[in-house]
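start_20.cif follows (mmCIF, C-alpha atoms):
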```
data_entry
loop_
_atom_site.label_atom_id
_atom_site.label_comp_id
_atom_site.auth_asym_id
_atom_site.auth_seq_id
_atom_site.Cartn_x
_atom_site.Cartn_y
_atom_site.Cartn_z
CA MET A 1 74.80 164.79 118.15
CA PHE A 2 72.23 163.86 120.79
CA LEU A 3 71.07 160.84 118.78
CA ALA A 4 74.68 159.68 118.24
CA ALA A 5 75.48 159.94 121.95
CA LEU A 6 72.26 158.12 122.82
CA ALA A 7 73.15 155.31 120.42
CA SER A 8 76.61 154.96 121.99
CA VAL A 9 75.12 154.70 125.48
CA MET A 10 72.63 152.07 124.33
CA LEU A 11 75.41 150.09 122.61
CA LEU A 12 77.50 150.07 125.77
CA ALA A 13 74.52 149.00 127.84
CA ALA A 14 73.83 146.11 125.49
CA SER A 15 77.46 144.87 125.57
CA PRO A 16 78.13 141.90 127.90
CA PRO A 17 80.10 142.76 131.04
CA LEU A 18 83.80 141.97 130.98
CA ALA A 19 84.62 138.68 132.70
CA PRO A 20 86.86 139.02 135.76
CA GLU A 21 90.48 137.97 135.20
CA GLU A 22 90.96 134.33 136.08
CA THR A 23 93.32 133.38 138.89
CA LEU A 24 94.78 129.89 138.78
CA THR A 25 94.95 127.83 141.99
CA ASN A 26 96.14 124.35 142.89
CA ASP A 27 92.61 123.04 142.28
CA THR A 28 92.58 124.61 138.81
CA VAL A 29 95.80 122.85 137.85
CA VAL A 30 94.51 119.53 139.21
CA ALA A 31 91.32 119.99 137.16
CA LEU A 32 93.28 120.76 133.99
CA THR A 33 95.43 117.66 134.58
CA GLY A 34 92.34 115.51 135.13
CA ALA A 35 90.85 116.82 131.89
CA GLY A 36 93.78 115.33 129.99
CA LEU A 37 95.50 118.53 128.83
CA GLY A 38 99.17 117.97 128.09
CA ASP A 39 101.98 119.51 130.10
CA GLU A 40 102.76 122.10 127.41
CA ALA A 41 99.20 123.47 127.42
CA ILE A 42 98.99 123.62 131.22
CA ILE A 43 102.39 125.28 131.56
CA ALA A 44 101.43 127.86 128.89
CA LYS A 45 98.24 128.59 130.83
CA ILE A 46 100.21 129.03 134.07
CA ARG A 47 102.66 131.41 132.44
CA SER A 48 99.93 133.58 130.91
CA SER A 49 97.64 133.82 133.97
CA LYS A 50 97.49 135.31 137.42
CA VAL A 51 98.30 132.62 139.97
CA GLN A 52 97.66 132.04 143.64
CA PHE A 53 99.28 128.71 144.42
CA SER A 54 99.90 127.07 147.78
CA LEU A 55 103.27 125.30 147.52
CA THR A 56 104.29 123.93 150.90
CA THR A 57 105.99 120.55 150.96
CA ASP A 58 102.66 118.88 151.78
CA ASP A 59 101.01 120.74 148.89
CA LEU A 60 103.69 119.55 146.44
CA ILE A 61 103.29 115.95 147.57
CA ALA A 62 99.50 116.25 147.27
CA LEU A 63 99.82 117.61 143.72
CA LYS A 64 102.09 114.72 142.74
CA GLN A 65 99.62 112.23 144.25
CA LYS A 66 96.90 113.80 142.07
CA ASN A 67 98.96 113.04 138.94
CA VAL A 68 100.22 116.58 138.33
CA SER A 69 103.53 116.12 136.50
CA GLY A 70 106.92 117.31 137.68
CA PRO A 71 107.33 119.89 134.88
CA VAL A 72 103.90 121.39 135.66
CA ILE A 73 104.69 121.60 139.40
CA ALA A 74 108.03 123.22 138.56
CA ALA A 75 106.20 125.80 136.41
CA MET A 76 103.86 126.49 139.34
CA ILE A 77 106.84 127.10 141.64
CA SER A 78 108.46 129.35 139.04
CA ALA A 79 105.28 131.38 138.51
CA ALA A 80 104.62 131.75 142.24
CA SER A 81 108.15 133.05 142.81
CA GLY A 82 107.78 135.68 140.10
CA ASN A 83 109.68 133.83 137.40
CA GLY A 84 106.70 133.12 135.16
CA GLY A 85 105.53 135.14 132.18
CA GLY A 86 108.67 134.65 130.14
CA THR A 87 111.14 136.09 132.64
CA ALA A 88 114.41 134.42 133.54
CA ALA A 89 114.28 130.98 135.09
CA PRO A 90 115.58 130.57 138.65
CA ALA A 91 119.34 130.18 138.86
CA LEU A 92 120.95 126.93 139.98
CA SER A 93 122.95 126.81 143.20
CA MET A 94 125.81 124.44 143.94
CA ASP A 95 125.88 124.88 147.72
CA SER A 96 122.60 126.33 149.06
CA PRO A 97 121.46 124.24 152.07
CA ASP A 98 117.82 124.78 151.06
CA PRO A 99 116.51 121.81 149.01
CA ALA A 100 113.76 124.06 147.62
CA VAL A 101 116.46 125.97 145.73
CA PRO A 102 117.28 124.38 142.33
CA HIS A 103 120.58 122.48 142.23
CA PRO A 104 122.26 120.67 139.34
CA SER A 105 121.19 117.02 139.32
CA GLY A 106 123.24 114.76 141.55
CA VAL A 107 123.92 113.60 145.11
CA TYR A 108 124.75 116.19 147.80
CA LEU A 109 126.02 115.92 151.36
CA LEU A 110 124.57 118.52 153.75
CA ALA A 111 127.69 119.71 155.55
CA ALA A 112 128.20 122.20 158.35
CA ASP A 113 131.36 124.17 158.99
CA ALA A 114 132.43 127.51 160.44
CA GLU A 115 130.65 129.32 157.60
CA GLY A 116 127.34 127.52 158.26
CA ALA A 117 125.41 124.76 156.52
CA ARG A 118 125.92 124.14 152.81
CA MET A 119 125.52 121.42 150.20
CA ARG A 120 128.57 119.57 148.90
CA ARG A 121 128.09 117.78 145.60
CA ILE A 122 129.43 114.21 145.38
CA ASP A 123 130.67 113.30 141.92
CA PRO A 124 130.36 109.58 141.16
CA THR A 125 133.48 107.47 140.96
CA VAL A 126 133.28 104.95 138.13
CA SER A 127 134.72 101.44 138.36
CA SER A 128 135.24 99.22 135.34
CA GLN A 129 137.49 96.77 137.16
CA ALA A 130 136.39 93.58 138.91
CA LYS A 131 138.54 91.75 141.44
CA THR A 132 137.96 88.29 142.82
CA GLY A 133 138.60 87.08 146.36
CA GLY A 134 138.54 83.65 147.99
CA ILE A 135 139.78 81.89 144.86
CA PHE A 136 141.94 79.47 146.87
CA GLY A 137 139.04 78.36 149.07
CA TYR A 138 136.79 78.10 146.04
CA ALA A 139 139.28 75.86 144.25
CA LEU A 140 140.19 73.82 147.34
CA THR A 141 136.55 72.96 148.11
CA GLY A 142 135.55 72.32 144.52
CA GLY A 143 133.26 75.36 144.51
CA LEU A 144 131.57 74.74 147.87
CA ALA A 145 133.17 77.86 149.34
CA SER A 146 132.09 81.13 147.74
CA MET A 147 134.34 83.33 145.65
CA SER A 148 133.54 87.04 145.95
CA VAL A 149 133.53 89.64 143.18
CA LYS A 150 134.48 93.19 144.09
CA ALA A 151 134.25 96.57 142.40
CA SER A 152 137.47 98.54 142.76
CA ILE A 153 137.70 102.35 142.63
CA ALA A 154 140.77 104.55 142.68
CA ASN A 155 142.28 106.25 145.75
CA GLU A 156 142.17 105.23 149.40
CA THR A 157 139.86 108.05 150.48
CA ALA A 158 137.03 110.16 149.02
CA ARG A 159 137.20 113.83 148.12
CA VAL A 160 134.05 114.63 150.11
CA GLN A 161 134.46 114.08 153.85
CA THR A 162 132.29 114.62 156.92
CA GLY A 163 132.64 114.39 160.68
CA GLU A 164 128.94 113.54 161.10
CA LYS A 165 128.24 109.96 162.13
CA GLN A 166 124.73 110.07 160.64
CA PRO A 167 125.13 112.50 157.76
CA LYS A 168 122.18 113.79 155.74
CA PHE A 169 122.10 113.70 151.94
CA TYR A 170 119.92 115.15 149.19
CA PHE A 171 119.33 113.46 145.84
CA PHE A 172 118.38 115.86 143.02
CA PHE A 173 116.99 114.09 139.95
CA ASP A 174 116.42 115.70 136.55
CA GLU A 175 112.71 116.15 137.25
CA SER A 176 113.53 118.77 139.91
CA ASN A 177 114.96 121.19 137.33
CA ALA A 178 112.26 121.09 134.65
CA ALA A 179 111.57 124.83 134.98
CA THR A 180 115.21 125.95 134.90
CA GLY A 181 116.18 124.63 131.49
CA ALA A 182 119.18 122.91 133.06
CA PRO A 183 120.59 120.09 130.93
CA SER A 184 119.94 116.52 132.03
CA GLY A 185 122.53 113.80 132.05
CA THR A 186 123.69 112.95 135.58
CA TRP A 187 121.37 109.94 135.67
CA LEU A 188 121.57 109.05 131.97
CA ALA A 189 124.19 106.33 131.89
CA GLY A 190 123.47 102.65 131.41
CA THR A 191 120.66 101.49 133.67
CA ALA A 192 120.71 104.91 135.35
CA ALA A 193 118.38 106.24 132.65
CA THR A 194 115.49 105.03 134.79
CA VAL A 195 116.79 106.05 138.23
CA THR A 196 114.26 108.32 139.95
CA SER A 197 114.48 107.37 143.64
CA PRO A 198 117.11 106.71 146.33
CA ASN A 199 115.42 103.34 146.79
CA GLU A 200 117.37 102.16 143.73
CA PHE A 201 120.71 102.66 145.49
CA SER A 202 122.65 100.57 148.00
CA LEU A 203 124.75 102.20 150.71
CA VAL A 204 127.87 100.13 151.35
CA ARG A 205 131.10 100.40 153.28
CA LEU A 206 134.21 100.38 151.11
CA VAL A 207 137.30 98.45 152.16
CA ARG A 208 140.57 100.32 151.85
CA LYS A 209 143.34 98.65 149.93
CA LYS A 210 146.66 100.01 148.77
CA GLY A 211 145.72 102.85 146.45
CA THR A 212 142.11 101.68 146.01
CA ARG A 213 138.80 100.98 147.75
CA GLU A 214 136.64 97.93 147.15
CA ALA A 215 132.99 96.94 147.49
CA ARG A 216 131.65 93.40 147.19
CA VAL A 217 129.14 93.29 144.33
CA GLY A 218 128.76 89.58 143.65
CA SER A 219 129.64 86.05 144.63
CA MET A 220 129.69 82.61 143.09
CA ASN A 221 130.02 79.00 144.19
CA ILE A 222 129.03 75.58 142.95
CA ALA A 223 125.35 76.45 143.49
CA GLY A 224 125.47 79.47 141.18
CA SER A 225 126.31 83.15 141.17
CA LYS A 226 124.78 86.35 142.55
CA VAL A 227 125.12 89.82 141.08
CA GLY A 228 124.71 92.98 143.12
CA VAL A 229 125.25 94.05 146.71
CA MET A 230 124.68 91.29 149.25
CA ASP A 231 121.92 91.97 151.81
CA LYS A 232 124.31 91.67 154.74
CA ASP A 233 126.57 94.32 153.19
CA ARG A 234 123.84 96.95 152.89
CA ILE A 235 123.69 99.85 155.35
CA GLY A 236 120.17 100.99 156.14
CA PHE A 237 118.91 104.45 155.22
CA ASP A 238 115.53 106.13 154.92
CA TYR A 239 114.31 108.85 152.58
CA ARG A 240 111.42 111.21 151.93
CA MET A 241 110.42 113.35 148.97
CA VAL A 242 110.96 117.05 149.69
CA ARG A 243 109.53 118.13 146.35
CA PRO A 244 109.20 116.40 142.97
CA GLY A 245 112.60 115.09 141.97
CA VAL A 246 114.28 115.94 145.32
CA PHE A 247 114.72 113.46 148.18
CA GLU A 248 116.18 113.81 151.66
CA VAL A 249 118.19 110.73 152.73
CA VAL A 250 119.09 109.97 156.36
CA ILE A 251 121.30 107.15 157.66
CA LEU A 252 119.57 104.89 160.19
CA GLN A 253 122.63 104.06 162.29
CA PRO A 254 125.83 105.88 163.27
CA LEU A 255 128.64 105.19 160.83
CA ALA A 256 132.09 104.23 162.08
CA PRO A 257 135.00 106.18 160.61
CA GLY A 258 135.80 104.84 157.16
CA GLU A 259 134.90 104.88 153.48
CA TYR A 260 131.32 104.60 152.18
CA GLY A 261 129.37 105.03 148.99
CA PHE A 262 125.92 104.97 147.40
CA LEU A 263 126.22 102.40 144.64
CA TYR A 264 124.10 101.72 141.58
CA SER A 265 124.45 100.52 138.00
CA VAL A 266 126.27 97.24 138.53
CA GLY A 267 126.60 95.12 135.42
CA GLY A 268 128.68 92.13 134.40
CA ALA A 269 129.73 91.30 137.96
CA ASN A 270 130.98 87.76 137.47
CA ALA A 271 134.25 85.98 137.32
CA GLY A 272 134.66 86.31 133.59
CA GLY A 273 132.87 89.53 132.65
CA ALA A 274 133.67 93.22 132.84
CA LEU A 275 132.09 95.15 135.67
CA THR A 276 130.60 98.63 135.52
CA ALA A 277 129.68 100.42 138.73
CA ARG A 278 129.15 104.06 139.70
CA ILE A 279 129.69 104.91 143.36
CA PHE A 280 128.89 108.25 145.04
CA ASP A 281 131.65 107.92 147.64
CA PHE A 282 132.32 109.82 150.87
CA THR A 283 134.51 109.54 153.96
CA VAL A 284 133.38 109.59 157.59
CA LYS A 285 136.23 110.95 159.70
#
```
In structure tokens, how does this file's structure come out?
Amino acid sequence: MFLAALASVMLLAASPPLAPEETLTNDTVVALTGAGLGDEAIIAKIRSSKVQFSLTTDDLIALKQKNVSGPVIAAMISAASGNGGGTAAPALSMDSPDPAVPHPSGVYLLAADAEGARMRRIDPTVSSQAKTGGIFGYALTGGLASMSVKASIANETARVQTGEKQPKFYFFFDESNAATGAPSGTWLAGTAATVTSPNEFSLVRLVRKKGTREARVGSMNIAGSKVGVMDKDRIGFDYRMVRPGVFEVVILQPLAPGEYGFLYSVGGANAGGALTARIFDFTVK
């Protein structure tokens, strides 16, 4: 018995000490990314490890600048909030005013009312109808005067309305919901398959007509034709990335009461072709 016990003690003494459990940090994830591991491997590592991430807005931007992908950053956020390790993904909110909370992809107006601040989702209005204006002048001058091409959308006013003269918006792209398992699709239509930034939109004022609203999206004269929003029709706005896939958009000048919209995906805007445009429209009261 003594010899057996002595052998057990010697065996334990000869065994290598157990390595301390690894804790992943921002630097660890950056190193794994730099080593060329794919997203799936890094996300699996995050979900199976202890983590101690720093995830302020500045930290998220720094991670993105160091080539850490959106899905990996989303997994870091999920793990840090206690949703890693195979537990349920964070739920989506339709009206939380916090842009750090996952929302379904789309454009949101930050609105304030008696119940407090909340997000209001703006569904895009689709136009497949082109109207022309200035035809008489175009014909009378032999094409020297320009003829305008306009996108027309239904109804004289938008469903989403605000009393703010410089309203604030949030754009949620599919990248922002990589950890939630939410389906993509809001931005997957025509040229919108590559939309990842508010910089690809034009903010325009819509002109009310009987039963419709119109936006000028092209012009033509004897010198040629132009497709898209004219520079003088654009309303200035600025934006910043809040976290990967989420952008805050602010209007640079007070808006007069009227109809407005963020417009993208204009195609076929000419006198003879069909026009396709999607406009995230809103009303300033």
Which of these, A:Glu214, A:Asp95, A:Glu200, A:Asp238, has the shortest distance to Phe262 of chain A once you count only C-alpha atoms? A:Glu200
As a PyMOL selection string, please: the residues near Ala74 of chain A (cut-off 10 Å, all atoms listed in the file, same-chain neighbours under 4 positions excluded). chain A and resi 43+60+69-70+78-80+175-180+243-245
Nearest to Pro198 of chain A, restricted to all atoms listed in the file and choosing among A:Lys150, A:Arg278, A:Arg120, A:Arg240, comes out as A:Arg240
Written as a PyMOL selection string, which residues does the PyMOL selection byres ((chain A and resi 24) around 7) give for the file shown? chain A and resi 22-23+25+28+49-52
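Within the 12 Å cut-off around Thr125 of chain A, using only C-alpha atoms and omitting residues fewer than 5 positions from it on the same chain, the listed residues are Ala151, Ser152, Ile153, Ala154, Asn155, Thr157, Ala158, Arg159, Val160, Thr212, Arg213, Glu214, Tyr260, Gly261, Phe262, Leu263, Tyr264, Ser265, Thr276, Ala277, Arg278, Ile279, Phe280, Asp281 and Phe282 of chain A.
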Could you work out how far atom CA of Val229 of chain A lies from atom CA of Val217 of chain A, giving the answer in Å with one decimal?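 Straight-line distance from atom CA of Val217 of chain A to atom CA of Val229 of chain A works out to 4.6 Å.
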Excluding segment 101-104 of chain A and any residue of its chain fewer than 5 positions from it, enumerate the residues within 6 Å of it, using only C-alpha atoms, and give them as a PyMOL selection string. chain A and resi 92-94
Hey, can you check how far atom CA of Met119 of chain A sits from atom CA of Leu206 of chain A?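 These atoms are spaced 22.8 Å apart.
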Residue list as a ChimeraX atom specification for point (120.1, 121.6, 155.4), cut-off 12 Å, all atoms listed in the file: /A:95-101,108-112,116-120,167-170,242,248-250
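Going from atom CA of Lys232 of chain A to atom CA of Ala215 of chain A covers 12.5 Å.
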Pick from A:Ile46, A:Ala75, A:Val284, A:Ile251 nearest to Arg234 of chain A, counting only C-alpha atoms: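 Nearest candidate to Arg234 of chain A out of A:Ile46, A:Ala75, A:Val284, A:Ile251: A:Ile251.
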Minimum-distance residue to Val68 of chain A, chosen among A:Ser127, A:Asn26, A:Ser197, A:Thr33 (using all atoms listed in the file):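 Nearest to Val68 of chain A: A:Thr33.
The smallest atom-to-atom distance between Lys64 of chain A and any of A:Val30, A:Val195, A:Tyr239, A:Asp123, using all atoms listed in the file, is found for A:Val30.
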I need the output of the PyMOL selection byres ((chain A and resi 55) around 10) for this file as a PyMOL selection string; which residues are they? chain A and resi 26+52-54+56-63+73+76-77+80+243
Just to be explicit: take each residue in the selection above, keep C-alpha atoms, and write the result as a PDB file, in the frame of the given file.
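Wrote it out as result_26.pdb, contents follow:
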```pdb
ATOM      1  CA  ASN A  26      96.140 124.350 142.890  1.00  0.00           C
ATOM      2  CA  GLN A  52      97.660 132.040 143.640  1.00  0.00           C
ATOM      3  CA  PHE A  53      99.280 128.710 144.420  1.00  0.00           C
ATOM      4  CA  SER A  54      99.900 127.070 147.780  1.00  0.00           C
ATOM      5  CA  THR A  56     104.290 123.930 150.900  1.00  0.00           C
ATOM      6  CA  THR A  57     105.990 120.550 150.960  1.00  0.00           C
ATOM      7  CA  ASP A  58     102.660 118.880 151.780  1.00  0.00           C
ATOM      8  CA  ASP A  59     101.010 120.740 148.890  1.00  0.00           C
ATOM      9  CA  LEU A  60     103.690 119.550 146.440  1.00  0.00           C
ATOM     10  CA  ILE A  61     103.290 115.950 147.570  1.00  0.00           C
ATOM     11  CA  ALA A  62      99.500 116.250 147.270  1.00  0.00           C
ATOM     12  CA  LEU A  63      99.820 117.610 143.720  1.00  0.00           C
ATOM     13  CA  ILE A  73     104.690 121.600 139.400  1.00  0.00           C
ATOM     14  CA  MET A  76     103.860 126.490 139.340  1.00  0.00           C
ATOM     15  CA  ILE A  77     106.840 127.100 141.640  1.00  0.00           C
ATOM     16  CA  ALA A  80     104.620 131.750 142.240  1.00  0.00           C
ATOM     17  CA  ARG A 243     109.530 118.130 146.350  1.00  0.00           C
TER      18      ARG A 243
END
```
